[in-house]
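Structure record follows, encoded as structure tokens.
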Amino acid sequence: MSENTNTQIVTRFAPSPTGYLHVGGLRTALYAYLMAKKSGGRFLLRIEDTDQARTVEGGIENITHSLAWAGIIPDEGIKLDENGAIMETGHNGPYIQSERLNLYKKYAEELIEKGHAYYCFCTPERLEEVKTQRQADKLPPGYDGLCKTLSKEEVDVKLQASEKHVIRLSIPEVGASVFEDQIRGSVSFQYSDVDDQVLLKSDGFPTYHLAVVVDDHHMEVTHVIRGEEWISSTPKHLYLYECFGWEKPLFAHLPLLLNSDRSKLSKRQGDVAVMDYKDKGYLPEALLNFVAFLGWNPGDERELFTLKELVEEFSLEKVNKSGAVFNLEKLDWYNHEYLKKLSKEEFESYVDNFMPAIAKESDNYKEVLPRLLGTLIERIEKGTDITDTYEENISYFFTKPNIQDENTLVWKSLKDDADGLPKSKSYIAEVREILSNLEDDKWSDKEAIKDVVWPLTDKYGRGEVLWPLRVSLSGREKSPDPFELCFILGKEEVLRRI
RNA sequence: GGCCCUAUCGUCUAUCGGUUAGGACACAUCCUUCUCAAGGAUGGAAGCAGGGUUCGAUUCCCUGUAGGGUCACCA
């Protein structure tokens, strides 16, 4: 459990380019980044595209852009240049596994020579049979080791005949693999429970298990930080380090991110792609802060952290062991907090981004938008709140509302009064008179508007005057206060509506 | 099913044997010169169960239970 803070830590994030960056991946990348940065070491991005079938066009771009959006910039490996194009830096490349095939082949063969691996010629069909048979016999699943017994001569004959084959790791029959997980403490597995994993596939590509070990070693990775789903294959990796005689890195398996039903966070139950959150108007600072706190906290009661502050405060010792539910409501709260930190200009362009076309087509859009910001910041938590509630809460700022039932203008205290409606109308007629005499330059000051209207509320009652005023301006029973409305709409529009 | 991991309010979590078990989100109530929002105040809300160890366990150990992960020529 000892972390030597004097030495530089090298970490990596090694996603496979299957389409998009998962929020769980973002957190893994973040923790790895924080560890490296805190020690003054390096964080590198490597692409694990060893499954030809699953590799998706544009996958690398999506991952690097998502990471860059979040502010996690690799020191080494795959990253973006100034123009946003994919580039590679570092002296241990290439950093895309499909470009390192010869290396994996060489090491797989080295393992065979040393007797730690063997050729396997079993067909998928036979493997399937073995699997069902072992299940029926209630044996632990896994390869039965048939090809392990092949003599060198038999192997040579098959190789000569170009029989399709893979290379399998030869796991010891007895013994155990014990390691000190940086988060969980001591973890151990019996070798008898570990399968003879395929290392090199018949298409010449390595599996994850071979590639990750070879690359982490050559790329000088000191801390392997990855999701908990990898914990049960760690013995295979550790054993490979031993076979090669390489120094082992430290391992840290992060708890999983969960759906609200506590299953592994999945696409089915909501958004999982980082870009989905970007598109919904979540700020990178908010997503990062939120995700950082899923499984980690500084130990005190602070909750708002910038990336830089996280670098200073983060430590693996404080990472939790149990999975964390990805709770959107908390994320929304974070987002609102960060929205409030935006400058007026930034917030304006943010809002503009989510305004529907119909709003932008309005004549007064450019004029009204800046004045709308003050009320909007209190009412939205994310960009999609604008689009989702536009009709009800925002549209009336740009288009004059239709008041279908004039009785909605009557404040509740006058509802039973037969003259309620005429009275209400007369009150706001008076307000209109007063407002029409208010100098133009006073309209930029909400308080000044209030000052001239206020005496009337003393005279006729608060709700009696303010309610109909507000309803006539907004056409809604719920809205910001009437003075705010006046300020936002502007003199001309206000007089038109009352 | 085998193996592995995990277990404090609904959710994220603090507590490194002794606390009125703290905070945040969410929720409820109240205040905040008309409504709503924001803000403020207050409140409800938790140690999975059973055994140990100990003067004392949420905390350490064991068992059970529950949840999750993993058992591919996918990562």
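By order of appearance in the structure tokens: chains A, B, ..., then residues from 1 within every chain, and ligands from 1 in the order shown.
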
Query raised in the report: So which residues touch B:A21 within 9 Å, counting only C-alpha atoms (C1' of nucleotides), skipping near sequence neighbours fewer than 2 positions away, as a ChimeraX atom specification?
Result: /B:8,15,19,46-47,58

Requested in this report: Kindly provide, as a VMD selection string, the residues of chain A having any atom no farther than 7 Å from an atom of chain B, counting only C-alpha atoms (C1' of nucleotides).
Outcome: chain A and resid 16 51 140 to 141 166 193 198 201 to 202 208 228 to 229 232 263 294 299 to 301 321 to 322 327 329 to 330 378 to 379 462 to 463 466 to 467 477 to 480
